[in-house]
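A.B. asks: A single structure is presented below for examination.
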Amino acid sequence: MNNGRYYLALLLGKSISKVLSLLHSGATAAPGLYASKIDKDILKKLTSQLDFSIVVSGTNGKTTTARILAGIFKAINQNFIHNRTGSNLERGIVSELIKKANFLSQPKKTIGLWEIDEAFLPTAVKILKPRVVLLTNLFRDQLDRYGEIDSLAKKWKEALKTLPKTSVAILNSDDPTVACLGKNLDCKVIYYGLRDKNLGTKNISHASDATLCPNCLKPLKYNSCFISHLGIYQCLECHHLQPEPDFSADKVKLSEDGLEITAKTKKQKCQLKIKISGLYNSYNVLAAATTAHVLDISFEKICVGLKNFKPAFGRLEKLTIKDKKLKILLVKNPTGFNEVLKTVFSYFKNKPISLLIVLNDLIADGKDVSWIWDIDFEYLKQFKNLEKIIISGLRAEDMALRIKHSQFPIGKNNFEVEKNVNEAIELLLKSQSNNLFIFPTYTAMLNIRKILNKKGFIHSTWKD
């Protein structure tokens, strides 16, 4: 170890972190960014002092899944370090480690719990050498940055091949691409998945991304489709079968207030309850519970951790502003947006609602916004009490055009384009309905929370 560079990098990182804290700045990645410029191996050096690391990655659900797992760790008083604010590249992980590090070593028996960007995953596996790698799903997202899912899957597969026998890969059996990654690995492979056929349909969404057999590339036969291409499937051509889940959800009860999941392993059953709604969150709960179970955490402690869970900022975040209820739901790809629409419709189809959609095209959102044409906005016609839609953001005109082509009955009073996000929020709060929703892309969500924080309605994103 080059101690001189290491200690200088650590000192600089801690100094930057302290200054940013005093300035109430949200630049959570800055300490790691500058520390890594001094010592390019600082991530490896810091994580080598941990007991072990857990890596959570995937297109959708990684932030929520990692948060649920963090809640379970708190329930058992397990020491852990977690990039909780979602800064999921190398600089963000280094920044979080620097905060907790002293100049001698990390606290003993501390676990690293890392939400990892999909493109950074192969590098993260190489450096962190994690004991557990949890992969949630693969959907088209930021094609200008990630490429098609097959390309990303190949890189993931190569990374998983490097895991030793002592590591565990936890994979979603309902995602054909992710499930196939478990073949021919040296490490232990554990699968999780839904098995409540009452939640699924026979028809695959037009926006589904991976409906071909990963083995022979022929169309898969779905017995039940839950979300996009996630479901119960088989290949009638080459007889490629879906892996049987080691941890499954046999029954899921959905409500506006939360989820109740009847889960089971091959030996036990348990009831998992959590205050977060949406079918897509069933997968997040199941993924976190499976990981906890692999780490020999009891079902009793898992349930305690779920009981105290609070959603991450912008992920079904709920606010009360005067007499109005406002929910913020991050949207960043077609599948996620479609599931958000279905969730809102399920619980508010008979209640008056107003909606603000904010579309940005900055690097963190993806520069290519063509994905909005795969959103099922035609679904909006089923919202009988949708009083108003407001469109905002850097690419507001693109979103407005997309909705215009959805056959939603646009009138003078029920549709408005306001590019200034602050003004758009004011319009939403002045609407007649008491149930308000904001659907923002990532950078839009951060901006919206900053505006709401200045108005005194919400805490700072970086204090979450």
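Each chain of the structure tokens is named A, B, ... in the order shown, its residues numbered from 1; ligands are numbered from 1 in display order.
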Using DSSP on the backbone coordinates, identify all residues within region 173-355 of chain A classified as strand (DSSP E or B); present the result as a VMD selection string.

C.D. replies: chain A and resid 188 to 194 201 212 219 221 to 227 230 to 234 241 247 to 254 259 to 264 269 to 274 315 to 321 324 to 329 353 to 355

A.B. asks: Tell me which protein, DNA and RNA residues are within 6 Å of Ser392 (chain A), counting only C-alpha atoms, leaving out same-chain ones fewer than 4 positions away, and put them as a short mmCIF file (atom, residue, chain, number, x, y, z; two decimals) with C-alpha atoms, in the first residue's frame.

C.D. replies:
```cif
data_model
loop_
_atom_site.label_atom_id
_atom_site.label_comp_id
_atom_site.auth_asym_id
_atom_site.auth_seq_id
_atom_site.Cartn_x
_atom_site.Cartn_y
_atom_site.Cartn_z
CA VAL A 358 -41.46 16.47 -15.91
CA ALA A 396 -41.70 19.31 -22.25
CA GLU A 418 -45.32 25.01 -18.49
CA LYS A 419 -41.56 24.63 -19.01
CA VAL A 421 -40.76 23.70 -13.18
#
```

A.B. asks: My list of candidates is A:Glu158, A:Glu115, A:Asp246, A:Asp175. Which is closest to Val189 (chain A) when distances are computed with only C-alpha atoms?

C.D. replies: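 Smallest distance to Val189 (chain A) is found for A:Asp246.
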
A.B. asks: My list of candidates is A:Ala287, A:Leu212, A:Ile321, A:Ile111. Which is closest to Gln49 (chain A) when distances are computed with only C-alpha atoms?

C.D. replies: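 The answer is A:Ile111, which sits nearest to Gln49 (chain A).
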
A.B. asks: I'd like the neighbourhood of Gly411 (chain A) as a list in words, where a residue qualifies if any of its atoms comes within 12 Å (using only C-alpha atoms), though same-chain residues fewer than 4 positions away should be ignored.

C.D. replies: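 What passes the distance filter is Glu387, Lys388, Ile389, Lys404, Gln407, Phe415 and Glu416 of chain A.
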
A.B. asks: Set out as a Markdown table a contact list for region 51-120 of chain A and region 1-21 of chain A with a cut-off of 8 Å, giving each residue of region 51-120 of chain A that qualifies its closest atom pair and distance in Å to one decimal, counting only C-alpha atoms, ordered by chain and rising residue number.

C.D. replies:
```
| residue | atom | partner | partner_atom | distance |
| --- | --- | --- | --- | --- |
| A:Ser95 | CA | A:Gly13 | CA | 7.2 |
| A:Ile98 | CA | A:Lys14 | CA | 6.2 |
| A:Lys99 | CA | A:Lys14 | CA | 6.4 |
| A:Phe103 | CA | A:Tyr7 | CA | 7.1 |
```

A.B. asks: Restricting the calculation to only C-alpha atoms: of A:Asp361, A:Asp150, A:Glu378, A:Asp209, which residue gets closest to Thr443 (chain A)?

C.D. replies: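 So, comparing all the options, the nearest one is A:Asp361.
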
A.B. asks: So which one's closest to Lys62 (chain A), A:Trp373, A:Tyr280, A:Phe226, A:Tyr379? Using only C-alpha atoms, please.

C.D. replies: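 Once distances to Lys62 (chain A) are computed over only C-alpha atoms, the minimum belongs to A:Tyr280.
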
A.B. asks: Env of Gly200 (chain A): 10 Å cut, atoms = only C-alpha atoms, seq-sep filter 6 positions within chain, self excluded. Answer as an mmCIF file with C-alpha atoms, in the first residue's frame.

C.D. replies:
```cif
data_model
loop_
_atom_site.group_PDB
_atom_site.id
_atom_site.type_symbol
_atom_site.label_atom_id
_atom_site.label_comp_id
_atom_site.auth_asym_id
_atom_site.auth_seq_id
_atom_site.Cartn_x
_atom_site.Cartn_y
_atom_site.Cartn_z
ATOM 1 C CA LEU A 194 -43.333 -14.323 -8.001
ATOM 2 C CA TYR A 222 -45.690 -17.063 -21.025
ATOM 3 C CA ASN A 223 -48.136 -18.767 -18.682
ATOM 4 C CA SER A 224 -48.371 -15.571 -16.673
ATOM 5 C CA CYS A 225 -46.826 -12.163 -17.330
ATOM 6 C CA PHE A 226 -46.411 -9.852 -14.322
ATOM 7 C CA ILE A 227 -44.407 -6.823 -15.468
ATOM 8 C CA LEU A 230 -41.105 -10.637 -16.082
ATOM 9 C CA GLY A 231 -43.288 -13.670 -15.527
ATOM 10 C CA ILE A 232 -43.677 -17.451 -15.626
#
```

A.B. asks: Check the smallest atom-to-atom distance from each of A:Asp296, A:Lys430, A:Val252, A:Ile116 to Lys197 (chain A) using only C-alpha atoms, then report the winner.

C.D. replies: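 Of the candidates, the smallest distance to Lys197 (chain A) is held by A:Val252.
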
A.B. asks: As a list in words, please: the residues near His82 (chain A) (cut-off 9 Å, only C-alpha atoms, same-chain neighbours under 2 positions excluded).

C.D. replies: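 In the requested form, the answer reads Ala66, Arg67, Ala70, Phe80, Arg84, Thr85, Ile93, Glu96, Leu97, Ile111, Gly112, Leu113, Trp114 and Glu115 of chain A.
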
A.B. asks: What lies within 12 Å of Pro334 (chain A) using only C-alpha atoms, ignoring chain neighbours under 6 positions off, as a PDB file with N, CA and C atoms, in the first residue's frame?

C.D. replies:
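Here's the written file selection-v8.pdb:
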```pdb
ATOM      1  N   THR A  59     -31.802  -2.581 -13.602  1.00  0.00           N
ATOM      2  CA  THR A  59     -32.378  -1.382 -14.203  1.00  0.00           C
ATOM      3  C   THR A  59     -33.326  -0.687 -13.250  1.00  0.00           C
ATOM      4  N   ASN A  60     -34.297  -1.429 -12.745  1.00  0.00           N
ATOM      5  CA  ASN A  60     -35.301  -0.860 -11.843  1.00  0.00           C
ATOM      6  C   ASN A  60     -35.218  -1.516 -10.466  1.00  0.00           C
ATOM      7  N   PHE A 139     -33.951  -3.954 -18.160  1.00  0.00           N
ATOM      8  CA  PHE A 139     -34.867  -3.323 -19.106  1.00  0.00           C
ATOM      9  C   PHE A 139     -34.088  -2.299 -19.930  1.00  0.00           C
ATOM     10  N   ARG A 140     -34.655  -1.912 -21.045  1.00  0.00           N
ATOM     11  CA  ARG A 140     -34.039  -0.831 -21.818  1.00  0.00           C
ATOM     12  C   ARG A 140     -34.069   0.449 -20.989  1.00  0.00           C
ATOM     13  N   ASP A 141     -32.911   1.087 -20.889  1.00  0.00           N
ATOM     14  CA  ASP A 141     -32.817   2.307 -20.088  1.00  0.00           C
ATOM     15  C   ASP A 141     -31.548   3.045 -20.505  1.00  0.00           C
ATOM     16  N   GLN A 142     -31.673   4.318 -20.837  1.00  0.00           N
ATOM     17  CA  GLN A 142     -30.525   5.125 -21.257  1.00  0.00           C
ATOM     18  C   GLN A 142     -29.700   4.388 -22.310  1.00  0.00           C
ATOM     19  N   SER A 205     -46.756  -7.131 -22.770  1.00  0.00           N
ATOM     20  CA  SER A 205     -46.801  -5.721 -23.154  1.00  0.00           C
ATOM     21  C   SER A 205     -45.993  -5.482 -24.430  1.00  0.00           C
ATOM     22  N   HIS A 206     -46.460  -4.554 -25.263  1.00  0.00           N
ATOM     23  CA  HIS A 206     -45.738  -4.235 -26.494  1.00  0.00           C
ATOM     24  C   HIS A 206     -44.354  -3.655 -26.208  1.00  0.00           C
ATOM     25  N   ALA A 207     -44.177  -3.114 -25.008  1.00  0.00           N
ATOM     26  CA  ALA A 207     -42.902  -2.504 -24.642  1.00  0.00           C
ATOM     27  C   ALA A 207     -41.956  -3.501 -23.970  1.00  0.00           C
ATOM     28  N   SER A 208     -42.339  -4.781 -23.934  1.00  0.00           N
ATOM     29  CA  SER A 208     -41.483  -5.791 -23.318  1.00  0.00           C
ATOM     30  C   SER A 208     -40.147  -5.891 -24.052  1.00  0.00           C
ATOM     31  N   ASP A 209     -39.090  -6.142 -23.289  1.00  0.00           N
ATOM     32  CA  ASP A 209     -37.742  -6.037 -23.848  1.00  0.00           C
ATOM     33  C   ASP A 209     -37.053  -7.363 -24.133  1.00  0.00           C
ATOM     34  N   ILE A 227     -44.853  -8.167 -15.119  1.00  0.00           N
ATOM     35  CA  ILE A 227     -44.407  -6.823 -15.468  1.00  0.00           C
ATOM     36  C   ILE A 227     -43.543  -6.926 -16.714  1.00  0.00           C
ATOM     37  N   SER A 228     -43.926  -6.254 -17.788  1.00  0.00           N
ATOM     38  CA  SER A 228     -43.161  -6.300 -19.025  1.00  0.00           C
ATOM     39  C   SER A 228     -42.845  -7.759 -19.366  1.00  0.00           C
ATOM     40  N   VAL A 340     -45.996   2.547 -13.007  1.00  0.00           N
ATOM     41  CA  VAL A 340     -46.462   3.669 -12.192  1.00  0.00           C
ATOM     42  C   VAL A 340     -47.891   4.055 -12.597  1.00  0.00           C
ATOM     43  N   LEU A 341     -48.136   4.117 -13.897  1.00  0.00           N
ATOM     44  CA  LEU A 341     -49.484   4.432 -14.372  1.00  0.00           C
ATOM     45  C   LEU A 341     -50.503   3.404 -13.887  1.00  0.00           C
ATOM     46  N   VAL A 369     -34.561  10.679 -25.622  1.00  0.00           N
ATOM     47  CA  VAL A 369     -35.876  10.576 -24.984  1.00  0.00           C
ATOM     48  C   VAL A 369     -36.883   9.819 -25.858  1.00  0.00           C
ATOM     49  N   SER A 370     -36.407   9.104 -26.855  1.00  0.00           N
ATOM     50  CA  SER A 370     -37.335   8.369 -27.723  1.00  0.00           C
ATOM     51  C   SER A 370     -38.091   7.285 -26.954  1.00  0.00           C
ATOM     52  N   TRP A 371     -37.603   6.937 -25.761  1.00  0.00           N
ATOM     53  CA  TRP A 371     -38.263   5.906 -24.948  1.00  0.00           C
ATOM     54  C   TRP A 371     -39.685   6.291 -24.546  1.00  0.00           C
ATOM     55  N   ILE A 372     -40.009   7.563 -24.576  1.00  0.00           N
ATOM     56  CA  ILE A 372     -41.356   7.965 -24.146  1.00  0.00           C
ATOM     57  C   ILE A 372     -42.436   7.442 -25.088  1.00  0.00           C
ATOM     58  N   TRP A 373     -42.054   7.036 -26.310  1.00  0.00           N
ATOM     59  CA  TRP A 373     -43.047   6.521 -27.268  1.00  0.00           C
ATOM     60  C   TRP A 373     -43.415   5.078 -26.964  1.00  0.00           C
ATOM     61  N   ASP A 374     -42.695   4.454 -26.040  1.00  0.00           N
ATOM     62  CA  ASP A 374     -43.053   3.106 -25.608  1.00  0.00           C
ATOM     63  C   ASP A 374     -43.842   3.102 -24.307  1.00  0.00           C
ATOM     64  N   ILE A 375     -44.170   4.276 -23.802  1.00  0.00           N
ATOM     65  CA  ILE A 375     -45.017   4.365 -22.610  1.00  0.00           C
ATOM     66  C   ILE A 375     -46.476   4.211 -23.042  1.00  0.00           C
ATOM     67  N   ASP A 376     -47.231   3.467 -22.285  1.00  0.00           N
ATOM     68  CA  ASP A 376     -48.644   3.220 -22.625  1.00  0.00           C
ATOM     69  C   ASP A 376     -49.525   4.376 -22.151  1.00  0.00           C
ATOM     70  N   PHE A 377     -49.318   5.550 -22.737  1.00  0.00           N
ATOM     71  CA  PHE A 377     -50.138   6.699 -22.367  1.00  0.00           C
ATOM     72  C   PHE A 377     -51.588   6.525 -22.812  1.00  0.00           C
ATOM     73  N   THR A 441     -38.386  12.555 -14.300  1.00  0.00           N
ATOM     74  CA  THR A 441     -37.157  11.809 -14.545  1.00  0.00           C
ATOM     75  C   THR A 441     -36.156  12.187 -13.447  1.00  0.00           C
TER      76      THR A 441
END
```

A.B. asks: With distances taken over only C-alpha atoms, which residue among A:Leu185, A:Cys213, A:Leu295, A:Ala29 lies nearest Ser53 (chain A)?

C.D. replies: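 Comparing A:Leu185, A:Cys213, A:Leu295, A:Ala29 against Ser53 (chain A), the winner is A:Leu295.
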
A.B. asks: Interatomic distance between CA of Asp257 (chain A) and CA of Ile448 (chain A)?

C.D. replies: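 These atoms are spaced 23.8 Å apart.
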
A.B. asks: So that I can check the surroundings of Cys238 (chain A), please list as a PyMOL selection string every protein, DNA and RNA residue that reaches within 12 Å of it, counting only C-alpha atoms and ignoring chain neighbours fewer than 4 positions away.

C.D. replies: chain A and resi 212-221+234

A.B. asks: Could you pull out the residues in region 200-439 of chain A that DSSP calls helix (DSSP H, G or I) from the backbone, as JSON, numbers by chain?

C.D. replies: {"A": [279, 280, 281, 282, 283, 284, 285, 286, 287, 288, 289, 290, 291, 292, 293, 294, 299, 300, 301, 302, 303, 304, 305, 306, 307, 334, 335, 336, 337, 338, 339, 340, 341, 342, 343, 344, 345, 346, 347, 348, 370, 371, 372, 373, 374, 377, 378, 379, 380, 381, 382, 396, 397, 398, 399, 400, 401, 402, 403, 404, 421, 422, 423, 424, 425, 426, 427, 428, 429]}

A.B. asks: To one decimal place, how far is CA of Ile54 (chain A) from CA of Ala292 (chain A) in Å?

C.D. replies: 10.7 Å

A.B. asks: What is the distance between CA of Leu319 (chain A) and CA of Leu436 (chain A), in Å to one decimal?

C.D. replies: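 Calculated distance between CA of Leu319 (chain A) and CA of Leu436 (chain A) is 9.6 Å.
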